[in-house]
Amino acid sequence: MRARNVKILISLGLVIGAIALLMVTATTRSGYTTHYYRTASEFLARAPEYVDLPVRVNGKVVAGSIRRGAAAREGGPPIIDFVLGDSAATIPVHYEGTTVPDAFREGADVVVEGTYTAAGILAAKQLLVKCPSKYESAPTPNGQTAEGRT
Amino acid sequence: MAELGHYALLLAFLVCWYTVFASFLGARRSSPELIASAYRGVWAFLGLLTIAGVALAYLLAVRDMSIEYVARYTSSRLPIFYAIPAFWAGNAGSLLLWVWMLSAYTALLIPRHRGTESALVPYAVTVLMLIGSFFMAMIIFLFQIDPTMTPRMVTDPFYGILQAVLGITRGGLHPMCNPFWRLPFVPEEGMGLNPQLQNPGMMFHPPALYLGYVGMAVPFAFAMAALLSRRVDNEWLLLTRRWTITAWLFLSLGNLLGAWWAYVTLGWGGYWAWDPVENAAFIPWLLSTAFLHSVMIQEKRGMLRIWNMVLVITAWAMTIFGTYLTRSGVISSVHAFAHNEAFNMSFLAFLLTSTAAALYLLVTRLDLLESEHQLDSLVSRESAFLFNNVIFVGAAFVILFGTMFPLISQLFRGVQVSVGPAWFNRVLWPLWVALLLLTGVGPLIAWRRADAANLRRNFFYPTAFAILVAAGLPVAGVRDGYAVGFGALAAFVGATVAQEFYRGTRARMEMAKEPAPTALAHLISRQNRRYGGYVVHLGIVLIVIGIVGSSLYRDEADLTFRRGESRSFGGASYQFVGFRQFPEVNRDVFAASVAITRPGRPARNVEVVQEDYHAEQMRWTKPTILHSLWQDVYLTLAGFSDDASTVTINVKRNPLINWLWLGGAVLIVGTAIAMWPDRRERQHKRRLDAWARGERADRAPAEAAA
């Protein structure tokens, strides 16, 4: 009885230990698995710490800042430069990929995933635009004023 | 109509509370009258919620824009078959759907014949109605003070009284989860439904997933009923077996539909991103799969009884947590970012209270839950199932941890760090390997203790086949280690399933002298639980092949060309043939025509489009997908010049991805086979009906319906 229980406990312990080990190694080995997630102003407050690290920064696309440049190479996709900001700070972003989400436009709420260069530009690998929310708390429909017909 | 729905909800709330007390007291005092009254309450609850649901559907169908919910999620030009399912597009409607399903499940529990039911049912009804009362309370009472409104604008009597009672003088009371709330004015046009939700997948994915989520409340309720009534033998398991499989079926279907929708709609060529809302749907699936398996051990050997209780509580808690996570905005995700403190607090409070209550019940009944037997050997079916459970629960924990990581890191390091798909894949792939192996070993290995002869008999051929595949794949050009490993394991599991079917059919052929097809059919119908389960495992094997193929061997390219030019990629030649732009009822379409030629085949013309939706002010890059068993060719219009002389098409190849969807279909079929009432059950039902009709004078058939 005893020996059997011990065997079971040891095997289960090994399995759980293995899982824990996997988790720890994946987490501490930052580089491609973990991203620092910040809003633009939080990010800039500690920007020097993040140089050459993978980051995700959240902010709005500042109006008038989207520049679509010529392709980096022959026949490639156009480069996009824009400015990401929240109410307090802005970060320039440089993106050369093709997948530009449909909802990407001025004023869109965007999460930029990429690397922060020493030159202070966010070299984006991926642009994630927040989906039009399904579960927002009660907003007012566009363009309506409080006094309307009843 | 909105008032009809609203007051139906209010009445339903009262009825719900009545039922809670009536069923509990009726069970406690063994009073058939109280219990019968409680059951009538359940039917009334369902009826009232149905009225409310129909009212909402009607309002959506006629596009009554004075209703906030309708204005928020529809527009006048939205096709009606998308306007009605907008029912579950937002928080309020989806909560109503949730509680409606709960009432339907509860009503289905009510026995058709008096005196045949288990004593557990009234307690289970109490628990289910308690859950329902929380959701009703949220729908009716959760509100915020809207600063853009004045108290005078609240014209509804009920909310007017509530507002007065609470002494709200500045701002107006604005219910947040009531789909029948009227706006103080009528907008000209609705905001429209996100076009990406205008897709059959999105019509069925939320209801399927909710049926799964809500379905897990039933085994939970029966587990609580067992603890409350101290009847903790296998009765509650047998009663809930079909419900658990049903909930599991819908959880599987919900997850598959969500992945399929993401694939065909979102345009990034993938189907799973380890996004928090996806994980919120996956974790309950993992836990309920574990539960499905561990109950077999309790049924056969009376073991794991405490574990099963803990597992069913956790699985149900995770469905509530998943519902909470998707709506709370607590974890930043591209899907959800609404922020509503009162809502979040209420949900969390409910989750914590109910889990604490359940655990309290469990702890005070621990003495009743001792195992009948011990584990005899590590090499046995019991042990295989135990490892299966540990790994499933481990995987669920890993995914929960990864999902909550931003909050955890915030707590410990003051900075929000998130983990991406790479983290999840890196941690989980050994777990998938172990589970796949167990899928092959578990069904065949002997109970109690498997000796060498048993192992040889059961696993020789599958192992040999797996080794053959492992050797053959590199020869065929598959060199990736993961691909070979998973391929060999898939072969192993597939072979075990085939072996079981073969042996079972052979045995029938000899014993019953039936020809092969008949023998096979009878085999499946007489032992449908077992062979249905094998079919489900086969489905899993196909899914694994689909995932491995599409993940490890995908390929993509951006093709930029002027009109008439060709580019080649992946063994085919693509030519930009033409471009057109034309308006539709609710959108403008920009379509590039591409001719695809493969060697030795005639050219195929496809259109790759982007669409501009007017009301929703949204542009949608729709993928064009060419399906085959071997691969999917996935095209999106990445960009086009202003004069449409140059376009960029992104082409992706996803090898074997359709094996994923095929495997999903096989899984569903297998579940249906396993769920089918078997011959014993049908006989028992017939006897029950005959007794109820008075054709038999003896007592009601006693055996519990399985």
# chains A, B, ... in the order shown; residues from 1 in each chain; ligands from 1

$ residues_around --residues "Gly114 of chain A" --least-positions-apart "5" --cutoff "9 Å" --atoms "only C-alpha atoms" --output "PyMOL selection string"
chain A and resi 35+53-57+122-127

$ write_last_selection --atoms "N, CA and C atoms" --output "PDB file, in the first residue's frame"
ATOM      1  N   HIS A  35       6.452  39.850 -23.812  1.00  0.00           N
ATOM      2  CA  HIS A  35       6.497  41.223 -24.277  1.00  0.00           C
ATOM      3  C   HIS A  35       6.106  42.138 -23.150  1.00  0.00           C
ATOM      4  N   LEU A  53      14.439  45.602 -26.796  1.00  0.00           N
ATOM      5  CA  LEU A  53      13.610  44.543 -26.212  1.00  0.00           C
ATOM      6  C   LEU A  53      12.289  44.446 -26.961  1.00  0.00           C
ATOM      7  N   PRO A  54      11.680  43.261 -26.974  1.00  0.00           N
ATOM      8  CA  PRO A  54      10.370  43.164 -27.618  1.00  0.00           C
ATOM      9  C   PRO A  54       9.308  43.787 -26.716  1.00  0.00           C
ATOM     10  N   VAL A  55       8.558  44.649 -27.297  1.00  0.00           N
ATOM     11  CA  VAL A  55       7.545  45.350 -26.506  1.00  0.00           C
ATOM     12  C   VAL A  55       6.213  45.374 -27.222  1.00  0.00           C
ATOM     13  N   ARG A  56       5.182  45.624 -26.437  1.00  0.00           N
ATOM     14  CA  ARG A  56       3.876  45.913 -27.010  1.00  0.00           C
ATOM     15  C   ARG A  56       3.428  47.226 -26.437  1.00  0.00           C
ATOM     16  N   VAL A  57       3.151  48.175 -27.274  1.00  0.00           N
ATOM     17  CA  VAL A  57       2.741  49.489 -26.797  1.00  0.00           C
ATOM     18  C   VAL A  57       1.354  49.804 -27.329  1.00  0.00           C
ATOM     19  N   LEU A 122       9.920  53.011 -32.739  1.00  0.00           N
ATOM     20  CA  LEU A 122       9.403  51.673 -32.493  1.00  0.00           C
ATOM     21  C   LEU A 122       9.348  50.943 -33.840  1.00  0.00           C
ATOM     22  N   ALA A 123      10.235  49.967 -34.004  1.00  0.00           N
ATOM     23  CA  ALA A 123      10.239  49.179 -35.238  1.00  0.00           C
ATOM     24  C   ALA A 123       9.207  48.076 -35.078  1.00  0.00           C
ATOM     25  N   ALA A 124       8.090  48.248 -35.759  1.00  0.00           N
ATOM     26  CA  ALA A 124       6.954  47.360 -35.519  1.00  0.00           C
ATOM     27  C   ALA A 124       7.066  46.076 -36.320  1.00  0.00           C
ATOM     28  N   LYS A 125       6.757  44.950 -35.655  1.00  0.00           N
ATOM     29  CA  LYS A 125       6.644  43.690 -36.372  1.00  0.00           C
ATOM     30  C   LYS A 125       5.198  43.390 -36.685  1.00  0.00           C
ATOM     31  N   GLN A 126       4.324  43.890 -35.823  1.00  0.00           N
ATOM     32  CA  GLN A 126       2.918  43.569 -35.997  1.00  0.00           C
ATOM     33  C   GLN A 126       2.061  44.705 -35.482  1.00  0.00           C
ATOM     34  N   LEU A 127       1.000  44.987 -36.207  1.00  0.00           N
ATOM     35  CA  LEU A 127       0.038  45.983 -35.745  1.00  0.00           C
ATOM     36  C   LEU A 127      -1.254  45.272 -35.396  1.00  0.00           C
TER      37      LEU A 127
END

$ closest_atom_pairs --of "chain B" --to "chain A" --cutoff "6 Å" --atoms "only C-alpha atoms" --output "JSON lines"
{"residue": "B:Gly90", "atom": "CA", "partner": "A:Tyr135", "partner_atom": "CA", "distance": 5.2}
{"residue": "B:Asn91", "atom": "CA", "partner": "A:Tyr135", "partner_atom": "CA", "distance": 5.0}
{"residue": "B:Pro184", "atom": "CA", "partner": "A:Thr150", "partner_atom": "CA", "distance": 5.8}
{"residue": "B:Phe185", "atom": "CA", "partner": "A:Thr150", "partner_atom": "CA", "distance": 4.2}
{"residue": "B:Arg327", "atom": "CA", "partner": "A:Tyr135", "partner_atom": "CA", "distance": 5.8}
{"residue": "B:Val334", "atom": "CA", "partner": "A:Lys130", "partner_atom": "CA", "distance": 4.5}
{"residue": "B:His335", "atom": "CA", "partner": "A:Cys131", "partner_atom": "CA", "distance": 5.5}
{"residue": "B:Ala336", "atom": "CA", "partner": "A:Ser133", "partner_atom": "CA", "distance": 5.9}
{"residue": "B:Ala338", "atom": "CA", "partner": "A:Glu136", "partner_atom": "CA", "distance": 4.5}
{"residue": "B:Gln416", "atom": "CA", "partner": "A:Tyr37", "partner_atom": "CA", "distance": 5.3}
{"residue": "B:Val417", "atom": "CA", "partner": "A:Tyr36", "partner_atom": "CA", "distance": 4.3}
{"residue": "B:Ser418", "atom": "CA", "partner": "A:His35", "partner_atom": "CA", "distance": 5.2}
{"residue": "B:Val419", "atom": "CA", "partner": "A:Thr34", "partner_atom": "CA", "distance": 4.4}
{"residue": "B:Gly420", "atom": "CA", "partner": "A:Thr33", "partner_atom": "CA", "distance": 5.6}
{"residue": "B:Ala422", "atom": "CA", "partner": "A:Thr33", "partner_atom": "CA", "distance": 5.2}
{"residue": "B:Trp423", "atom": "CA", "partner": "A:Thr33", "partner_atom": "CA", "distance": 4.8}
{"residue": "B:Val427", "atom": "CA", "partner": "A:Leu22", "partner_atom": "CA", "distance": 5.2}
{"residue": "B:Thr560", "atom": "CA", "partner": "A:Gly75", "partner_atom": "CA", "distance": 5.1}
{"residue": "B:Arg619", "atom": "CA", "partner": "A:Asp102", "partner_atom": "CA", "distance": 5.3}
{"residue": "B:Trp620", "atom": "CA", "partner": "A:Asp102", "partner_atom": "CA", "distance": 5.4}

$ atom_distance --atom1 "atom CA of Gly546 of chain B" --atom2 "atom CA of Leu489 of chain B"
13.7 Å

$ residues_around --residues "His293 of chain B" --least-positions-apart "6" --cutoff "10 Å" --atoms "only C-alpha atoms" --output "PyMOL selection string"
chain B and resi 308+385-386+388-389

$ write_last_selection --atoms "C-alpha atoms" --output "PDB file, in the first residue's frame"
ATOM      1  CA  ASN B 308     -14.241  14.463  -9.417  1.00  0.00           C
ATOM      2  CA  PHE B 385      -6.666   8.084 -16.758  1.00  0.00           C
ATOM      3  CA  LEU B 386      -5.086   9.666 -13.723  1.00  0.00           C
ATOM      4  CA  ASN B 388      -4.652  12.072 -18.448  1.00  0.00           C
ATOM      5  CA  ASN B 389      -6.401  14.146 -15.812  1.00  0.00           C
TER       6      ASN B 389
END

$ closest_atom_pairs --of "segment 293-381 of chain B" --to "segment 211-224 of chain B" --cutoff "6 Å" --atoms "only C-alpha atoms" --output "tab-separated table"
residue	atom	partner	partner_atom	distance
B:Val312	CA	B:Phe220	CA	5.7
B:Trp316	CA	B:Met216	CA	5.7
B:Thr319	CA	B:Tyr213	CA	5.4

$ residues_around --residues "Arg563 of chain B" --least-positions-apart "6" --cutoff "10 Å" --atoms "only C-alpha atoms" --output "number ranges by chain"
B: 575-579, 592-594, 644-647

$ residues_around --residues "segment 601-617 of chain B" --least-positions-apart "4" --cutoff "9 Å" --atoms "only C-alpha atoms" --output "MDAnalysis selection string"
(chainID A and resid 102) or (chainID B and resid 75 77 189:195 577 579 586:597 621:624 635:639 649)

$ atom_distance --atom1 "atom CA of Ala8 of chain B" --atom2 "atom CA of Glu188 of chain B"
28.2 Å

$ residues_around --residues "segment 137-148 of chain B" --least-positions-apart "6" --cutoff "6 Å" --atoms "only C-alpha atoms" --output "list in words"
Gly171, Gly172, Leu173, His174, Pro175, Met176, Cys177 and Asn178 of chain B

$ atom_distance --atom1 "atom CA of Phe582 of chain B" --atom2 "atom CA of Met203 of chain B"
27.0 Å

$ residues_around --residues "Trp17 of chain B" --least-positions-apart "6" --cutoff "8 Å" --atoms "only C-alpha atoms" --output "PDB file with N, CA and C atoms, in the first residue's frame"
ATOM      1  N   MET B 129     -31.204  27.346 -10.277  1.00  0.00           N
ATOM      2  CA  MET B 129     -32.003  28.569 -10.179  1.00  0.00           C
ATOM      3  C   MET B 129     -31.247  29.653  -9.405  1.00  0.00           C
ATOM      4  N   LEU B 130     -30.402  29.250  -8.472  1.00  0.00           N
ATOM      5  CA  LEU B 130     -29.569  30.237  -7.783  1.00  0.00           C
ATOM      6  C   LEU B 130     -28.629  30.915  -8.778  1.00  0.00           C
ATOM      7  N   SER B 133     -30.597  33.248 -10.788  1.00  0.00           N
ATOM      8  CA  SER B 133     -30.998  34.476 -10.115  1.00  0.00           C
ATOM      9  C   SER B 133     -29.892  35.509 -10.169  1.00  0.00           C
TER      10      SER B 133
END
